[in-house]
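*Asks:* Let me begin by handing over the structure; questions about it come next.
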2 protein chains.
Amino acid sequence: MLLNERKIRILEAIVNDYIQSAEPIGSRTIAKKYGMGISSATIRNEMSDLEEMGLIIQPHASAGRIPSDKGYRLYVDRLMRRRSLTEDESSVLQQVITENISQIDYMMRETAKAIAVLTKCTTVVSEPRAKRTVIRHLQLVPVDDGSFVLVLVTDSKVVKNHLVYVERAPDYETLQYYSAILNSVLAGRSVEGDGDILEPGTLERLTEQFAGDRRVLAAVLRAARSILTSEDEAHVYTSGVRNILGFPEFSDIGKARDIFEALEEKDMLITMLGRNGSEDIEIIIGEENSLERLRGCSVIKTDCRAGERSFGSIGVIGPTRMDYGQAVSVLDGIVARISAVINALSGG
Amino acid sequence: MLLNERKIRILEAIVNDYIQSAEPIGSRTIAKKYGMGISSATIRNEMSDLEEMGLIIQPHASAGRIPSDKGYRLYVDRLMRRRSLTEDESSVLQQVITENISQIDYMMRETAKAIAVLTKCTTVVSEPRAKRTVIRHLQLVPVDDGSFVLVLVTDSKVVKNHLVYVERAPDYETLQYYSAILNSVLAGRSVEGDGDILEPGTLERLTEQFAGDRRVLAAVLRAARSILTSEDEAHVYTSGVRNILGFPEFSDIGKARDIFEALEEKDMLITMLGRNGSEDIEIIIGEENSLERLRGCSVIKTDCRAGERSFGSIGVIGPTRMDYGQAVSVLDGIVARISAVINALSGG
DNA sequence: GTTAGCACTCGACACCGCTGAGTGCTAACG
DNA sequence: CGTTAGCACTCAGCGGTGTCGAGTGCTAAC
């Protein structure tokens with residue numbers, strides 16, 4: 001059957017209306033609201049065709065039509081327009097990025113929060129864990145008599161602290177001295193399979209240099225190992241989970257809980273975000289989702305990168321009825337702005 | 001009317017049963033299940049008295065009874081027993097504390113998560129913000145050509161990082177040198193009303209010493225100010241908000257959303273946790289809550305301190321029907337364990 | 001190809017009446 | 001005087017029924 005212009009307009013009307021109202025839409029409504037110079041009877045005929053093509057569905061015999069997953073797919077691929085962001089959206093994003101650019105760890109999480117607010121959907125971010133975390137620099141900083149901090153900068157420029165408790169913390173100068181020694185030995189190292197950071201033999205040499213403070217040495221090594229291994233793990237953060245409750249499709253508590261539980265399974269989320277094609281923004285609609293428990297949802301995701309550096313992946317999760325246009329525009333905006341800020345900084 | 005032993009037993013049975021089942025409980029059920037050698041008719045008479053005293057309520061004429069807020073109050077004050085923690089509970093708590101003791105910032109949040117899991121309630125923690133944050137120590141750590149990290153240790157022993165972007169980052173030795181200068185000037189300082197950290201006049205001296213790197217100086221001061229002001233603000237974290245959905249009393253989506261929204265108002269939560277009496281653990285039941293929106297809930301809270309140092313407040317929020325005994329025991333356990341770990345560390 | 005008209009379908013809603021759990025009251029009992 | 005059995009009463013919950021209205025598909029006419 002041919003999908004002529006008129007059928008497409010009708011499909012578009014159905015999708016747009018349903019995204020807004022969450023109610024099945026009937027032929028008469030379309031005729032009145034989107035009046036395209038044809039009567040409801042004609043629209044009924046067209047709708048019947050659209051249904052035959054699998055693009056729309058009748059929830060029950062005497063109800064209006066709603067888009068099917070296939071219908072959304074066509075809408076997303078051919079009808080949806082990316083719009084530019086509103087003043088509000090734009091300023092919210094700009095602010096969250098510039099404010100957090102100095103704490104890259106937080107930036108993605110804060111960005112997720114902002115997206116969740118803007119899209120009224122749930123947002124998931126995953127940090128990139130492509131390779132083994134490597135030490136770039138470390139430094140011991142005094143705190144008090146019984147503790148000091150190990151600050152560790154990784155090759156992906158993530159900065160981590162770890163408080164180290166010892167019986168008697170070395171003084172400032174000694175910590176500086178130790179920092180220098182450790183730096184020369186540990187820079188460029190990572191945790192290998194067996195959990196050891198040092199090259200064989202190095203420990204003995206270090207132990208000599210730390211003569212009076214073997215416990216300090218041991219504690220620092222332990223802390224460094226703990227930072228590296230925790231960094232090696234993948235991280236995912238969700239934000240705006242409660243937005244789920246705002247959608248009538250999840251208004252019965254059971255369905256809402258299902259989603260909530262699905263969102264708790266970090267591993268699932270990672271695989272979902274991970275498998276990113278070459279496209280800039282990927283849209284997964286309902287049944288297309290490889291994760292069974294999210295088949296009632298759609299996911300819009302993108303890899304967030306500036307230049308060659310990846311900041312992780314962002315996914316927006318909502319009902320299949322979600323506002324695809326907005327979500328795509330927001331994600332688009334995010335990536336563009338992060339790129340811009342990063343380039344401005346590294347450029348000078 | 002006299003509250004004799006038998007009435008108390010009946011009240012106890014009602015509370016215990018209702019905490020478990022969430023269903024109104026009738027005289028016959030009590031007679032059968034908790035058979036205390038009296039017939040259901042007698043129990044009916046007693047229940048009638050308990051109702052007259054305002055300790056129990058009949059949701060509707062032909063239903064069983066449920067405890068009133070006053071009934072829970074009596075239960076909590078006179079009948080509830082603190083029990084010792086189970087193996088499981090104990091090990092979960094122990095683990096979360098020892099694992100995070102090196103990142104105090106995270107410890108409270110992780111603890112909240114653990115409590116949320118154990119109690120199946122929502123948990124809120126607030127970090128203490130008694131006084132102005134004062135710099136104890138700071139250190140500049142290299143990252144790459146265009147950035148370095150400012151690590152700042154506050155007097156409350158919180159460690160914060162802030163990435164500083166500059167056109168051209170100083171090298172390691174220079175950063176060490178700058179760190180020393182800044183330390184001597186900034187240690188002991190805080191942000192005053194007008195947002196300035198430095199003593200009047202100091203800026204000029206510093207600017208001379210940073211001759212070639214005025215921008216670096218400016219950027220560091222900006223970063224420090226930003227850390228201090230953000231630390232001066234109060235922080236609250238919630239955990240296990242989704243547990244709300246597990247309780248039948250919030251099974252209609254409207255009520256659940258109400259609570260969710262109430263939990264989003266940080267200021268409210270802070271005042272709720274803040275106003276802590278002298279008692280170790282405070283229990284607020286339903287209508288006793290000064291926050292209107294949480295009148296349908298009970299809150300169990302405590303100030304989490306080890307020695308003279310406070311780590312913040314913890315609150316467990318659930319329906320008035322929550323398992324008070326467990327929540328109290330868990331909070332008790334947390335405080336005891338944190339104390340123990342901290343003492344062990346500082347003791348040697 | 002388009003449209004008006006009509007019969008049909010079916011969910012939503014309101015309105016029964018029944019059932020069963022639970023109560024309060026009363027009278028009898030020890 | 002407290003306890004108990006018995007009985008009438010109440011009321012939420014549930015399933016069945018009837019009505020209403022939105023929406024459809026089909027047919028015949030334009």
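Residues are referred to by chain and number: the chain letter is A, B, ... according to the order shown in the structure tokens, the number counts from 1 in that chain, and ligands are numbered separately from 1 in the order shown.
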With the cut-off set at 6 Å and counting only C-alpha atoms, tabulate each residue of chain B with an atom at most that distance from an atom of chain A, showing the nearest atom pair and its distance in Å to one decimal, ordered by chain and increasing number, as JSON lines.

*Replies:*
{"residue": "B:Ser102", "atom": "CA", "partner": "A:Leu163", "partner_atom": "CA", "distance": 4.3}
{"residue": "B:Gln103", "atom": "CA", "partner": "A:His162", "partner_atom": "CA", "distance": 5.8}
{"residue": "B:His162", "atom": "CA", "partner": "A:Ser102", "partner_atom": "CA", "distance": 5.6}
{"residue": "B:Leu163", "atom": "CA", "partner": "A:Ser102", "partner_atom": "CA", "distance": 4.3}
{"residue": "B:Glu167", "atom": "CA", "partner": "A:Gly348", "partner_atom": "CA", "distance": 5.1}
{"residue": "B:Gly348", "atom": "CA", "partner": "A:Glu167", "partner_atom": "CA", "distance": 5.2}

*Asks:* Please write the residues from the selection above to a file, keeping C-alpha atoms, as a tab-separated table (two decimals), in the first residue's frame.

*Replies:*
chain	number	residue	atom	x	y	z
B	102	SER	CA	38.71	7.13	54.04
B	103	GLN	CA	36.33	9.36	52.15
B	162	HIS	CA	38.76	21.80	42.02
B	163	LEU	CA	40.24	21.66	38.54
B	167	GLU	CA	46.46	29.11	29.57
B	348	GLY	CA	46.27	4.16	67.29

*Asks:* Quick one: which residues from chain B are at most 7 Å off chain C, using only C-alpha atoms (C1' of nucleotides), as a list in words?

*Replies:*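 Within 7 Å of chain C on chain B, we get Gly26, Ser62, Ala63 and Gly64 of chain B.
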
*Asks:* Between CA of Val330 in chain A and CA of Glu308 in chain A, what is the spacing in Å?

*Replies:*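 If I compute the distance from CA of Glu308 in chain A to CA of Val330 in chain A, I get 21.4 Å.
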
*Asks:* How far is it from CA of Thr123 in chain B to CA of Ala327 in chain B, in Å with one decimal?

*Replies:*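 Going from CA of Thr123 in chain B over to CA of Ala327 in chain B covers 10.3 Å.
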
*Asks:* Between chain A and chain D, at 12 Å or less, what are the per-residue closest atom pairs and their distances in Å? Count only C-alpha atoms (C1' of nucleotides), order by chain and rising residue number, and return it as a tab-separated table.

*Replies:*
residue	atom	partner	partner_atom	distance
A:Pro24	CA	D:DG23	C1'	10.1
A:Ile25	CA	D:DG23	C1'	9.2
A:Gly26	CA	D:DG23	C1'	6.4
A:Ser27	CA	D:DG23	C1'	7.9
A:Arg28	CA	D:DG23	C1'	8.5
A:Thr29	CA	D:DG23	C1'	10.2
A:Ser40	CA	D:DG23	C1'	10.8
A:Ala41	CA	D:DT24	C1'	9.9
A:Thr42	CA	D:DG25	C1'	11.9
A:Ile43	CA	D:DT24	C1'	11.5
A:Arg44	CA	D:DT24	C1'	8.0
A:Asn45	CA	D:DG25	C1'	9.0
A:Met47	CA	D:DT24	C1'	10.6
A:Ser48	CA	D:DG25	C1'	9.2
A:Gln58	CA	D:DT24	C1'	10.1
A:Pro59	CA	D:DG23	C1'	11.7
A:His60	CA	D:DG23	C1'	10.1
A:Ala61	CA	D:DT24	C1'	7.3
A:Ser62	CA	D:DG23	C1'	4.9
A:Ala63	CA	D:DG23	C1'	5.4
A:Gly64	CA	D:DG23	C1'	6.2
A:Arg65	CA	D:DG23	C1'	9.6

*Asks:* When DSSP works through the backbone of this structure, what residues of range 53-149 of chain A end up as strand (DSSP E or B), shown as a PyMOL selection string?

*Replies:* chain A and resi 56-57+65-67+122-126+135-144+147-149

*Asks:* Just list the residues in range 10-118 of chain A DSSP gives alpha helix (DSSP H) on the backbone, as an mmCIF file with C-alpha atoms, in the first residue's frame.

*Replies:*
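Output saved as states-v8.cif:
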data_model
loop_
_atom_site.group_PDB
_atom_site.id
_atom_site.type_symbol
_atom_site.label_atom_id
_atom_site.label_comp_id
_atom_site.auth_asym_id
_atom_site.auth_seq_id
_atom_site.Cartn_x
_atom_site.Cartn_y
_atom_site.Cartn_z
ATOM 1 C CA ILE A 10 -2.562 11.950 9.528
ATOM 2 C CA LEU A 11 0.080 9.797 11.163
ATOM 3 C CA GLU A 12 1.939 12.904 12.189
ATOM 4 C CA ALA A 13 -1.205 14.367 13.715
ATOM 5 C CA ILE A 14 -1.818 11.162 15.645
ATOM 6 C CA VAL A 15 1.725 10.982 16.976
ATOM 7 C CA ASN A 16 1.880 14.651 17.933
ATOM 8 C CA ASP A 17 -1.482 14.569 19.600
ATOM 9 C CA TYR A 18 -0.797 11.360 21.447
ATOM 10 C CA ILE A 19 2.585 12.568 22.674
ATOM 11 C CA GLN A 20 0.798 15.487 24.203
ATOM 12 C CA SER A 21 -2.398 13.964 25.508
ATOM 13 C CA SER A 27 -10.996 10.403 13.260
ATOM 14 C CA ARG A 28 -13.389 13.145 14.207
ATOM 15 C CA THR A 29 -10.868 14.854 16.461
ATOM 16 C CA ILE A 30 -8.315 14.918 13.692
ATOM 17 C CA ALA A 31 -10.836 16.335 11.249
ATOM 18 C CA LYS A 32 -11.755 19.109 13.650
ATOM 19 C CA LYS A 33 -8.397 19.918 15.149
ATOM 20 C CA SER A 40 -13.811 12.295 9.392
ATOM 21 C CA ALA A 41 -15.078 9.459 7.212
ATOM 22 C CA THR A 42 -12.188 9.883 4.822
ATOM 23 C CA ILE A 43 -9.773 10.036 7.702
ATOM 24 C CA ARG A 44 -11.302 6.840 9.010
ATOM 25 C CA ASN A 45 -10.507 5.143 5.743
ATOM 26 C CA GLU A 46 -6.949 6.392 5.817
ATOM 27 C CA MET A 47 -6.579 5.367 9.421
ATOM 28 C CA SER A 48 -7.797 1.928 8.554
ATOM 29 C CA ASP A 49 -5.020 1.746 5.975
ATOM 30 C CA LEU A 50 -2.430 3.039 8.444
ATOM 31 C CA GLU A 51 -3.491 0.362 10.868
ATOM 32 C CA GLU A 52 -3.185 -2.293 8.190
ATOM 33 C CA ASP A 69 6.369 1.332 17.753
ATOM 34 C CA LYS A 70 6.668 1.160 13.982
ATOM 35 C CA GLY A 71 4.694 4.358 13.731
ATOM 36 C CA TYR A 72 7.001 6.117 16.144
ATOM 37 C CA ARG A 73 9.937 4.802 14.164
ATOM 38 C CA LEU A 74 8.621 6.347 10.972
ATOM 39 C CA GLU A 87 16.300 30.414 26.015
ATOM 40 C CA ASP A 88 15.554 28.554 29.211
ATOM 41 C CA GLU A 89 16.844 25.200 28.085
ATOM 42 C CA SER A 90 19.908 26.763 26.657
ATOM 43 C CA SER A 91 20.810 28.729 29.754
ATOM 44 C CA VAL A 92 20.209 25.803 32.091
ATOM 45 C CA LEU A 93 22.566 23.623 30.080
ATOM 46 C CA GLN A 94 25.181 26.309 29.693
ATOM 47 C CA GLN A 95 25.182 26.952 33.395
ATOM 48 C CA VAL A 96 25.460 23.350 34.491
ATOM 49 C CA ILE A 97 28.381 22.792 32.171
ATOM 50 C CA THR A 98 30.398 25.861 33.014
ATOM 51 C CA GLU A 99 29.755 25.446 36.719
ATOM 52 C CA ASN A 100 30.986 21.898 36.805
ATOM 53 C CA ILE A 104 34.706 16.562 35.659
ATOM 54 C CA ASP A 105 33.527 13.739 37.912
ATOM 55 C CA TYR A 106 30.438 15.682 38.763
ATOM 56 C CA MET A 107 29.789 17.290 35.447
ATOM 57 C CA MET A 108 28.139 14.311 33.816
ATOM 58 C CA ARG A 109 25.983 13.667 36.839
ATOM 59 C CA GLU A 110 24.915 17.261 37.096
ATOM 60 C CA THR A 111 24.250 17.322 33.391
ATOM 61 C CA ALA A 112 22.051 14.273 33.800
ATOM 62 C CA LYS A 113 20.072 16.078 36.478
ATOM 63 C CA ALA A 114 19.591 19.047 34.207
ATOM 64 C CA ILE A 115 18.451 16.875 31.313
ATOM 65 C CA ALA A 116 16.042 15.040 33.582
ATOM 66 C CA VAL A 117 14.511 18.329 34.594
ATOM 67 C CA LEU A 118 14.265 19.642 31.049
#

*Asks:* Enter the distance from CA of Ser313 in chain A to CA of Lys266 in chain B, in Å, rounded to one decimal.

*Replies:*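 The value is 28.6 Å.
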
*Asks:* Between A:Leu175, A:Ile284, A:Ile8, A:Ile56, which residue has the minimum interatomic distance to Pro319 in chain A, considering only C-alpha atoms?

*Replies:*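 When distances to Pro319 in chain A are compared using only C-alpha atoms, the smallest one comes from A:Ile284.
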
*Asks:* Excluding same-chain residues fewer than 6 positions from Glu199 in chain B, what lies within 12 Å of it counting only C-alpha atoms (C1' of nucleotides), as a list in words?

*Replies:*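 Surrounding residues, per the criterion: Val185, Leu186, Ala187, Gly188, Arg189, Ser190, Val191, Glu192, Arg205 and Leu206 of chain B.
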
*Asks:* Skip Arg293 in chain B itself and residues of its chain fewer than 2 positions away, then list as a list of chain:residue names all residues within 10 Å of it, counting only C-alpha atoms (C1' of nucleotides).

*Replies:*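 Neighbouring residues, sequence-local ones excluded: B:Asp258, B:Ile259, B:Glu261, B:Ala262, B:Leu263, B:Met268, B:Glu287, B:Asn289, B:Ser290, B:Leu291, B:Arg295, B:Gly296, B:Cys297.
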